[in-house]
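Undergrad: upload.pdb is the file, holding PDB, C-alpha atoms, pLDDT in the B column:
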```pdb
ATOM      1  CA  MET A 271     154.612 -26.316   6.537  1.00 79.00           C
ATOM      2  CA  THR A 272     152.393 -23.800   8.337  1.00 92.00           C
ATOM      3  CA  PHE A 273     154.285 -21.614  10.796  1.00 96.00           C
ATOM      4  CA  VAL A 274     152.794 -19.875  13.852  1.00 96.00           C
ATOM      5  CA  GLN A 275     154.357 -17.210  16.026  1.00 96.00           C
ATOM      6  CA  PHE A 276     153.211 -16.430  19.582  1.00 94.00           C
ATOM      7  CA  ILE A 277     154.083 -12.939  20.877  1.00 94.00           C
ATOM      8  CA  ASP A 278     153.711 -12.552  24.648  1.00 94.00           C
ATOM      9  CA  CYS A 279     153.300  -9.003  25.925  1.00 93.00           C
ATOM     10  CA  LYS A 280     152.854  -7.400  29.333  1.00 94.00           C
ATOM     11  CA  THR A 281     151.199  -4.011  29.097  1.00 91.00           C
ATOM     12  CA  GLY A 282     148.775  -1.770  30.901  1.00 88.00           C
ATOM     13  CA  ASN A 283     147.795  -0.178  27.606  1.00 86.00           C
ATOM     14  CA  VAL A 284     145.968  -2.845  25.609  1.00 86.00           C
ATOM     15  CA  ASP A 285     144.167  -0.182  23.552  1.00 88.00           C
ATOM     16  CA  GLN A 286     147.530   0.991  22.251  1.00 89.00           C
ATOM     17  CA  LEU A 287     148.342  -2.533  21.096  1.00 86.00           C
ATOM     18  CA  ASP A 288     145.027  -2.622  19.232  1.00 88.00           C
ATOM     19  CA  ARG A 289     145.877   0.651  17.492  1.00 90.00           C
ATOM     20  CA  LEU A 290     149.309  -0.660  16.539  1.00 90.00           C
ATOM     21  CA  MET A 291     147.748  -3.817  15.090  1.00 89.00           C
ATOM     22  CA  ASP A 292     145.327  -1.730  13.007  1.00 91.00           C
ATOM     23  CA  ASP A 293     148.237   0.409  11.832  1.00 92.00           C
ATOM     24  CA  TRP A 294     150.255  -2.662  10.815  1.00 91.00           C
ATOM     25  CA  VAL A 295     147.332  -4.185   8.892  1.00 91.00           C
ATOM     26  CA  GLU A 296     146.851  -0.964   6.944  1.00 92.00           C
ATOM     27  CA  ALA A 297     150.557  -0.298   6.365  1.00 92.00           C
ATOM     28  CA  THR A 298     151.323  -3.808   5.068  1.00 93.00           C
ATOM     29  CA  GLN A 299     148.334  -4.112   2.733  1.00 92.00           C
ATOM     30  CA  GLY A 300     149.525  -5.913  -0.403  1.00 93.00           C
ATOM     31  CA  LYS A 301     152.896  -6.761   1.178  1.00 92.00           C
ATOM     32  CA  ARG A 302     152.389  -8.929   4.247  1.00 92.00           C
ATOM     33  CA  THR A 303     152.650 -12.692   4.146  1.00 94.00           C
ATOM     34  CA  ALA A 304     150.701 -13.349   7.358  1.00 94.00           C
ATOM     35  CA  THR A 305     147.380 -15.089   6.740  1.00 93.00           C
ATOM     36  CA  HIS A 306     145.744 -15.002  10.184  1.00 92.00           C
ATOM     37  CA  SER A 307     146.187 -12.901  13.301  1.00 92.00           C
ATOM     38  CA  MET A 308     144.504 -13.294  16.673  1.00 92.00           C
ATOM     39  CA  VAL A 309     144.945 -11.380  19.931  1.00 92.00           C
ATOM     40  CA  GLY A 310     143.930 -12.778  23.327  1.00 93.00           C
ATOM     41  CA  ARG A 311     143.955 -11.362  26.854  1.00 93.00           C
ATOM     42  CA  ASP A 312     144.707 -13.533  29.886  1.00 94.00           C
ATOM     43  CA  ARG A 313     141.531 -13.821  32.002  1.00 94.00           C
ATOM     44  CA  SER A 314     143.601 -14.041  35.191  1.00 95.00           C
ATOM     45  CA  ASP A 315     145.934 -11.142  34.303  1.00 94.00           C
ATOM     46  CA  SER A 316     144.536  -8.276  32.219  1.00 92.00           C
ATOM     47  CA  THR A 317     148.036  -6.974  31.461  1.00 93.00           C
ATOM     48  CA  HIS A 318     149.076 -10.248  29.803  1.00 95.00           C
ATOM     49  CA  VAL A 319     148.276 -10.194  26.088  1.00 94.00           C
ATOM     50  CA  VAL A 320     149.196 -12.802  23.486  1.00 95.00           C
ATOM     51  CA  GLU A 321     149.181 -12.226  19.744  1.00 94.00           C
ATOM     52  CA  ILE A 322     149.097 -15.301  17.508  1.00 95.00           C
ATOM     53  CA  VAL A 323     150.139 -14.835  13.885  1.00 94.00           C
ATOM     54  CA  GLU A 324     149.950 -17.556  11.226  1.00 95.00           C
ATOM     55  CA  PHE A 325     152.028 -17.821   8.050  1.00 95.00           C
ATOM     56  CA  PRO A 326     152.106 -20.359   5.199  1.00 95.00           C
ATOM     57  CA  SER A 327     155.701 -21.236   6.159  1.00 95.00           C
ATOM     58  CA  TYR A 328     158.704 -20.104   8.171  1.00 94.00           C
ATOM     59  CA  GLU A 329     160.218 -18.625   5.017  1.00 95.00           C
ATOM     60  CA  GLU A 330     157.124 -16.483   4.445  1.00 95.00           C
ATOM     61  CA  ALA A 331     157.268 -15.351   8.075  1.00 94.00           C
ATOM     62  CA  MET A 332     160.841 -14.190   7.565  1.00 94.00           C
ATOM     63  CA  LYS A 333     159.783 -12.170   4.526  1.00 94.00           C
ATOM     64  CA  ASN A 334     157.119 -10.543   6.667  1.00 93.00           C
ATOM     65  CA  SER A 335     159.583  -9.689   9.443  1.00 91.00           C
ATOM     66  CA  GLN A 336     161.848  -7.950   6.916  1.00 93.00           C
ATOM     67  CA  LEU A 337     159.202  -5.454   5.879  1.00 93.00           C
ATOM     68  CA  PRO A 338     160.116  -1.950   7.090  1.00 93.00           C
ATOM     69  CA  GLU A 339     156.500  -1.480   8.200  1.00 93.00           C
ATOM     70  CA  THR A 340     156.747  -4.576  10.413  1.00 92.00           C
ATOM     71  CA  ASN A 341     159.973  -3.335  11.984  1.00 91.00           C
ATOM     72  CA  ARG A 342     158.504   0.107  12.682  1.00 93.00           C
ATOM     73  CA  ILE A 343     155.387  -1.322  14.348  1.00 90.00           C
ATOM     74  CA  PHE A 344     157.512  -3.756  16.354  1.00 90.00           C
ATOM     75  CA  GLN A 345     159.578  -0.910  17.787  1.00 92.00           C
ATOM     76  CA  GLU A 346     156.379   0.887  18.804  1.00 92.00           C
ATOM     77  CA  LEU A 347     155.068  -2.379  20.293  1.00 89.00           C
ATOM     78  CA  VAL A 348     158.175  -2.732  22.458  1.00 91.00           C
ATOM     79  CA  ALA A 349     157.732   0.852  23.661  1.00 91.00           C
ATOM     80  CA  ALA A 350     154.095   0.191  24.574  1.00 91.00           C
ATOM     81  CA  CYS A 351     154.938  -2.900  26.675  1.00 92.00           C
ATOM     82  CA  ASP A 352     155.970  -2.957  30.330  1.00 91.00           C
ATOM     83  CA  GLU A 353     158.762  -5.386  29.470  1.00 91.00           C
ATOM     84  CA  ALA A 354     160.288  -6.842  26.321  1.00 91.00           C
ATOM     85  CA  PRO A 355     157.865  -9.123  24.440  1.00 93.00           C
ATOM     86  CA  THR A 356     158.819 -12.784  24.123  1.00 95.00           C
ATOM     87  CA  PHE A 357     158.415 -14.889  20.995  1.00 94.00           C
ATOM     88  CA  THR A 358     157.592 -18.564  20.504  1.00 96.00           C
ATOM     89  CA  ASP A 359     158.061 -19.931  16.978  1.00 96.00           C
ATOM     90  CA  LEU A 360     156.138 -23.067  16.072  1.00 96.00           C
ATOM     91  CA  ASP A 361     156.116 -25.318  13.021  1.00 95.00           C
ATOM     92  CA  VAL A 362     152.582 -26.696  12.906  1.00 93.00           C
ATOM     93  CA  VAL A 363     152.779 -30.503  12.874  1.00 93.00           C
ATOM     94  CA  ARG A 364     149.053 -31.154  13.295  1.00 88.00           C
ATOM     95  CA  ASP A 365     146.069 -28.946  12.483  1.00 86.00           C
ATOM     96  CA  ASP A 366     142.675 -30.579  13.002  1.00 84.00           C
ATOM     97  CA  GLN A 367     139.787 -28.328  12.084  1.00 89.00           C
ATOM     98  CA  LEU A 368     137.188 -30.585  13.657  1.00 93.00           C
ATOM     99  CA  ASN A 369     134.147 -29.170  11.892  1.00 96.00           C
ATOM    100  CA  LYS A 370     135.851 -29.906   8.575  1.00 96.00           C
ATOM    101  CA  LEU A 371     136.237 -33.522   9.643  1.00 96.00           C
ATOM    102  CA  VAL A 372     132.527 -34.060  10.247  1.00 97.00           C
ATOM    103  CA  VAL A 373     131.641 -32.424   6.915  1.00 98.00           C
ATOM    104  CA  SER A 374     134.193 -34.610   5.113  1.00 97.00           C
ATOM    105  CA  ARG A 375     132.653 -37.671   6.744  1.00 97.00           C
ATOM    106  CA  PHE A 376     129.229 -36.536   5.513  1.00 97.00           C
ATOM    107  CA  PHE A 377     130.396 -36.579   1.897  1.00 97.00           C
ATOM    108  CA  GLU A 378     132.270 -39.850   2.284  1.00 97.00           C
ATOM    109  CA  GLU A 379     129.685 -41.821   4.276  1.00 97.00           C
ATOM    110  CA  VAL A 380     126.378 -40.305   3.164  1.00 96.00           C
ATOM    111  CA  VAL A 381     126.883 -39.141  -0.423  1.00 95.00           C
ATOM    112  CA  ASN A 382     129.709 -41.159  -1.933  1.00 96.00           C
ATOM    113  CA  ALA A 383     128.824 -44.353  -0.080  1.00 95.00           C
ATOM    114  CA  GLY A 384     125.144 -43.830  -0.949  1.00 93.00           C
ATOM    115  CA  ASP A 385     123.986 -44.293   2.649  1.00 95.00           C
ATOM    116  CA  PRO A 386     121.469 -41.617   3.745  1.00 94.00           C
ATOM    117  CA  ASP A 387     121.071 -43.296   7.144  1.00 96.00           C
ATOM    118  CA  ALA A 388     124.711 -42.485   7.942  1.00 97.00           C
ATOM    119  CA  ALA A 389     123.505 -38.901   8.408  1.00 97.00           C
ATOM    120  CA  ASP A 390     121.823 -39.927  11.676  1.00 97.00           C
ATOM    121  CA  ALA A 391     125.189 -40.086  13.441  1.00 97.00           C
ATOM    122  CA  LEU A 392     126.565 -36.966  11.758  1.00 98.00           C
ATOM    123  CA  CYS A 393     123.636 -34.549  12.089  1.00 98.00           C
ATOM    124  CA  THR A 394     121.815 -33.117  15.093  1.00 98.00           C
ATOM    125  CA  ASP A 395     118.272 -34.208  15.920  1.00 96.00           C
ATOM    126  CA  ASP A 396     116.977 -30.746  14.949  1.00 97.00           C
ATOM    127  CA  TYR A 397     118.947 -30.634  11.675  1.00 98.00           C
ATOM    128  CA  ARG A 398     117.501 -28.432   8.913  1.00 98.00           C
ATOM    129  CA  GLU A 399     118.404 -28.610   5.223  1.00 98.00           C
ATOM    130  CA  HIS A 400     117.904 -25.817   2.696  1.00 98.00           C
ATOM    131  CA  ASP A 401     118.036 -26.718  -0.997  1.00 95.00           C
ATOM    132  CA  PRO A 402     115.897 -24.971  -3.662  1.00 93.00           C
ATOM    133  CA  THR A 403     115.762 -28.177  -5.740  1.00 89.00           C
ATOM    134  CA  LEU A 404     113.964 -30.146  -3.000  1.00 91.00           C
ATOM    135  CA  SER A 405     110.243 -30.091  -2.124  1.00 90.00           C
ATOM    136  CA  SER A 406     110.765 -27.364   0.478  1.00 91.00           C
ATOM    137  CA  TYR A 407     113.587 -24.977   1.305  1.00 92.00           C
ATOM    138  CA  ASP A 408     113.380 -26.041   4.965  1.00 95.00           C
ATOM    139  CA  LEU A 409     113.465 -29.808   5.519  1.00 97.00           C
ATOM    140  CA  ASP A 410     114.061 -31.798   8.678  1.00 97.00           C
ATOM    141  CA  LEU A 411     116.532 -34.680   8.710  1.00 97.00           C
ATOM    142  CA  ALA A 412     114.015 -37.429   7.972  1.00 97.00           C
ATOM    143  CA  GLN A 413     112.532 -35.679   4.929  1.00 97.00           C
ATOM    144  CA  ALA A 414     115.955 -34.611   3.671  1.00 97.00           C
ATOM    145  CA  LYS A 415     117.130 -38.228   3.847  1.00 96.00           C
ATOM    146  CA  ARG A 416     114.111 -39.441   1.856  1.00 95.00           C
ATOM    147  CA  GLU A 417     114.489 -36.880  -0.909  1.00 94.00           C
ATOM    148  CA  ASN A 418     118.258 -37.178  -1.126  1.00 94.00           C
ATOM    149  CA  ALA A 419     117.969 -40.963  -1.264  1.00 94.00           C
ATOM    150  CA  GLU A 420     115.914 -40.561  -4.439  1.00 92.00           C
ATOM    151  CA  ILE A 421     118.599 -38.343  -5.995  1.00 92.00           C
ATOM    152  CA  MET A 422     121.394 -40.715  -5.016  1.00 93.00           C
ATOM    153  CA  GLY A 423     119.414 -43.663  -6.331  1.00 93.00           C
ATOM    154  CA  ALA A 424     118.851 -41.872  -9.647  1.00 94.00           C
ATOM    155  CA  PHE A 425     122.492 -40.945 -10.268  1.00 95.00           C
ATOM    156  CA  ASN A 426     124.765 -42.852  -7.835  1.00 94.00           C
ATOM    157  CA  PRO A 427     126.877 -39.680  -7.700  1.00 94.00           C
ATOM    158  CA  THR A 428     130.468 -39.270  -6.624  1.00 96.00           C
ATOM    159  CA  VAL A 429     131.235 -35.883  -5.125  1.00 97.00           C
ATOM    160  CA  THR A 430     134.742 -34.452  -5.029  1.00 97.00           C
ATOM    161  CA  VAL A 431     135.383 -31.643  -2.560  1.00 97.00           C
ATOM    162  CA  GLU A 432     137.591 -29.195  -4.447  1.00 98.00           C
ATOM    163  CA  SER A 433     138.005 -26.779  -1.554  1.00 97.00           C
ATOM    164  CA  MET A 434     136.784 -26.451   2.023  1.00 97.00           C
ATOM    165  CA  ILE A 435     137.001 -23.393   4.274  1.00 96.00           C
ATOM    166  CA  ALA A 436     136.072 -23.320   7.961  1.00 95.00           C
ATOM    167  CA  GLU A 437     135.410 -20.306  10.140  1.00 92.00           C
ATOM    168  CA  GLY A 438     133.914 -20.714  13.584  1.00 91.00           C
ATOM    169  CA  GLU A 439     130.898 -23.011  13.345  1.00 96.00           C
ATOM    170  CA  LEU A 440     130.601 -22.651   9.549  1.00 97.00           C
ATOM    171  CA  VAL A 441     132.194 -24.798   6.844  1.00 98.00           C
ATOM    172  CA  ALA A 442     131.905 -23.772   3.182  1.00 98.00           C
ATOM    173  CA  CYS A 443     132.612 -26.260   0.377  1.00 98.00           C
ATOM    174  CA  ARG A 444     133.131 -26.045  -3.380  1.00 98.00           C
ATOM    175  CA  MET A 445     132.480 -29.374  -5.093  1.00 97.00           C
ATOM    176  CA  THR A 446     132.155 -31.200  -8.382  1.00 97.00           C
ATOM    177  CA  TYR A 447     130.063 -34.321  -8.991  1.00 96.00           C
ATOM    178  CA  ARG A 448     129.829 -37.107 -11.529  1.00 96.00           C
ATOM    179  CA  GLY A 449     127.185 -39.769 -11.969  1.00 96.00           C
ATOM    180  CA  ARG A 450     124.950 -41.657 -14.396  1.00 96.00           C
ATOM    181  CA  HIS A 451     121.202 -41.334 -14.796  1.00 96.00           C
ATOM    182  CA  THR A 452     120.048 -44.862 -13.929  1.00 95.00           C
ATOM    183  CA  GLY A 453     116.918 -44.086 -11.907  1.00 93.00           C
ATOM    184  CA  THR A 454     113.866 -41.835 -12.113  1.00 92.00           C
ATOM    185  CA  TYR A 455     114.564 -38.172 -11.325  1.00 90.00           C
ATOM    186  CA  GLN A 456     111.818 -35.537 -11.174  1.00 85.00           C
ATOM    187  CA  GLY A 457     109.617 -37.759 -13.324  1.00 87.00           C
ATOM    188  CA  LEU A 458     112.351 -38.374 -15.907  1.00 89.00           C
ATOM    189  CA  GLU A 459     112.862 -42.037 -16.727  1.00 92.00           C
ATOM    190  CA  PRO A 460     116.478 -43.318 -16.728  1.00 93.00           C
ATOM    191  CA  THR A 461     118.475 -42.279 -19.793  1.00 93.00           C
ATOM    192  CA  GLY A 462     121.837 -43.872 -18.961  1.00 94.00           C
ATOM    193  CA  GLN A 463     123.341 -40.432 -19.552  1.00 94.00           C
ATOM    194  CA  ASP A 464     126.600 -39.584 -17.781  1.00 95.00           C
ATOM    195  CA  VAL A 465     126.242 -36.315 -15.908  1.00 95.00           C
ATOM    196  CA  SER A 466     128.559 -33.908 -14.120  1.00 96.00           C
ATOM    197  CA  GLY A 467     128.356 -30.505 -12.557  1.00 95.00           C
ATOM    198  CA  THR A 468     129.344 -28.111  -9.803  1.00 95.00           C
ATOM    199  CA  MET A 469     127.997 -27.529  -6.309  1.00 95.00           C
ATOM    200  CA  HIS A 470     128.455 -25.240  -3.324  1.00 97.00           C
ATOM    201  CA  ALA A 471     127.289 -25.916   0.207  1.00 98.00           C
ATOM    202  CA  THR A 472     127.619 -24.248   3.596  1.00 98.00           C
ATOM    203  CA  PHE A 473     127.297 -26.235   6.828  1.00 98.00           C
ATOM    204  CA  HIS A 474     126.575 -24.965  10.335  1.00 98.00           C
ATOM    205  CA  CYS A 475     128.152 -27.299  12.880  1.00 97.00           C
ATOM    206  CA  ARG A 476     127.210 -27.511  16.551  1.00 96.00           C
ATOM    207  CA  GLY A 477     128.649 -29.822  19.170  1.00 95.00           C
ATOM    208  CA  GLY A 478     130.614 -31.838  16.635  1.00 95.00           C
ATOM    209  CA  LYS A 479     127.602 -32.494  14.392  1.00 97.00           C
ATOM    210  CA  ILE A 480     125.970 -30.779  11.416  1.00 98.00           C
ATOM    211  CA  ALA A 481     122.982 -28.708  12.531  1.00 98.00           C
ATOM    212  CA  GLU A 482     122.054 -26.982   9.276  1.00 98.00           C
ATOM    213  CA  SER A 483     123.089 -26.866   5.637  1.00 98.00           C
ATOM    214  CA  TRP A 484     122.489 -24.697   2.591  1.00 98.00           C
ATOM    215  CA  TRP A 485     122.961 -26.148  -0.914  1.00 97.00           C
ATOM    216  CA  ASN A 486     123.303 -24.641  -4.379  1.00 95.00           C
ATOM    217  CA  TRP A 487     123.981 -26.752  -7.433  1.00 90.00           C
ATOM    218  CA  ASP A 488     123.438 -26.511 -11.176  1.00 90.00           C
ATOM    219  CA  ASP A 489     120.101 -28.307 -11.487  1.00 87.00           C
ATOM    220  CA  LEU A 490     119.377 -26.479 -14.748  1.00 88.00           C
ATOM    221  CA  GLY A 491     122.626 -27.774 -16.223  1.00 90.00           C
ATOM    222  CA  LEU A 492     121.734 -31.286 -15.071  1.00 90.00           C
ATOM    223  CA  LEU A 493     118.334 -31.159 -16.799  1.00 88.00           C
ATOM    224  CA  ARG A 494     120.012 -29.975 -19.982  1.00 91.00           C
ATOM    225  CA  GLN A 495     122.376 -32.957 -19.872  1.00 91.00           C
ATOM    226  CA  LEU A 496     119.360 -35.242 -19.521  1.00 89.00           C
ATOM    227  CA  GLY A 497     117.716 -33.681 -22.564  1.00 86.00           C
ATOM    228  CA  ALA A 498     114.819 -32.294 -20.527  1.00 78.00           C
ATOM    229  CA  LEU A 499     115.576 -28.723 -21.667  1.00 72.00           C
ATOM    230  CA  GLU A 500     116.343 -27.545 -25.165  1.00 67.00           C
ATOM    231  CA  ILE A 501     117.972 -24.246 -24.171  1.00 58.00           C
TER
END
```
Turn this file's structure into structure tokens for me.
TA:
Amino acid sequence: MTFVQFIDCKTGNVDQLDRLMDDWVEATQGKRTATHSMVGRDRSDSTHVVEIVEFPSYEEAMKNSQLPETNRIFQELVAACDEAPTFTDLDVVRDDQLNKLVVSRFFEEVVNAGDPDAADALCTDDYREHDPTLSSYDLDLAQAKRENAEIMGAFNPTVTVESMIAEGELVACRMTYRGRHTGTYQGLEPTGQDVSGTMHATFHCRGGKIAESWWNWDDLGLLRQLGALEI
């Protein structure tokens, strides 16, 4: 279970806290178990600073706290604060990365369900799609739907998202796909050939919808499976 620690500090020397954080990051390289650290300053009180540190689990957090480098930096942190820092320890019971949810729905409702029109509710009106295998590297939603409908009709693919990483408005996905060539694709008549391959895509989300996407997939490998290439 993911574990998060909130460290509340009161200090008139925020720059010193920044330097201590940089020192800790450098000193614990290759040793620390923390995966994410964020520092925020209270807009209504510039001396109130909160550091948020994320760990894979409580047990990993305890390993991190036992590092001599962590203890040294903590002592310097206490000295830099106007009063003793306070700690809040949280077991994360729910973690909704909302941009991941809309991207997951795109694969489930548009691709795997074979329904290009489902993209209307998931994408912005000014959506742009970038895919070197399509007629242009910059397509609007309507054209992207038409061209992707042809691909889905040719292979009835099922896409499995192997991993998904979100940062800010961007979501990056690593995927595999399987399908069968039952419809015309790039002028190739149906062969009945089972096909599979790998894909990567990055999505830019805005306002809870997908505003832009960039796709890379092994089209050359697909053509080889269809017998269109001898190499």
Undergrad: Grab the atom CA of Ser335 of chain A to atom CA of Arg289 of chain A distance for me, in Å with one decimal place.
TA: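 Computed distance, atom CA of Ser335 of chain A to atom CA of Arg289 of chain A, equals 19.0 Å.
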Undergrad: List the residues matched by the PyMOL selection byres ((chain A and resi 453) around 7) in the displayed structure as a PyMOL selection string, ordered by chain and then by residue number.
TA: chain A and resi 423-425+451-452+454-455+459-460
Undergrad: What's the separation between atom CA of Gly491 of chain A and atom CA of Phe377 of chain A, in Å to one decimal place?
TA: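 Separating atom CA of Gly491 of chain A from atom CA of Phe377 of chain A is a distance of 21.6 Å.
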Undergrad: Counting all atoms listed in the file, which of A:Met332, A:Leu411, A:Ile343, A:Val441 gets nearest to Ala471 of chain A?
TA: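 Once distances to Ala471 of chain A are computed over all atoms listed in the file, the minimum belongs to A:Val441.
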Undergrad: Using only C-alpha atoms, which of A:Thr428, A:Gln495, A:Thr317, A:Ser327 sits nearest Asp278 of chain A?
TA: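 Smallest distance to Asp278 of chain A is found for A:Thr317.
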Undergrad: Which of these residues is nearest to Pro338 of chain A, using all atoms listed in the file: A:Asp385, A:Ser314, A:Lys301, A:Arg450?
TA: A:Lys301
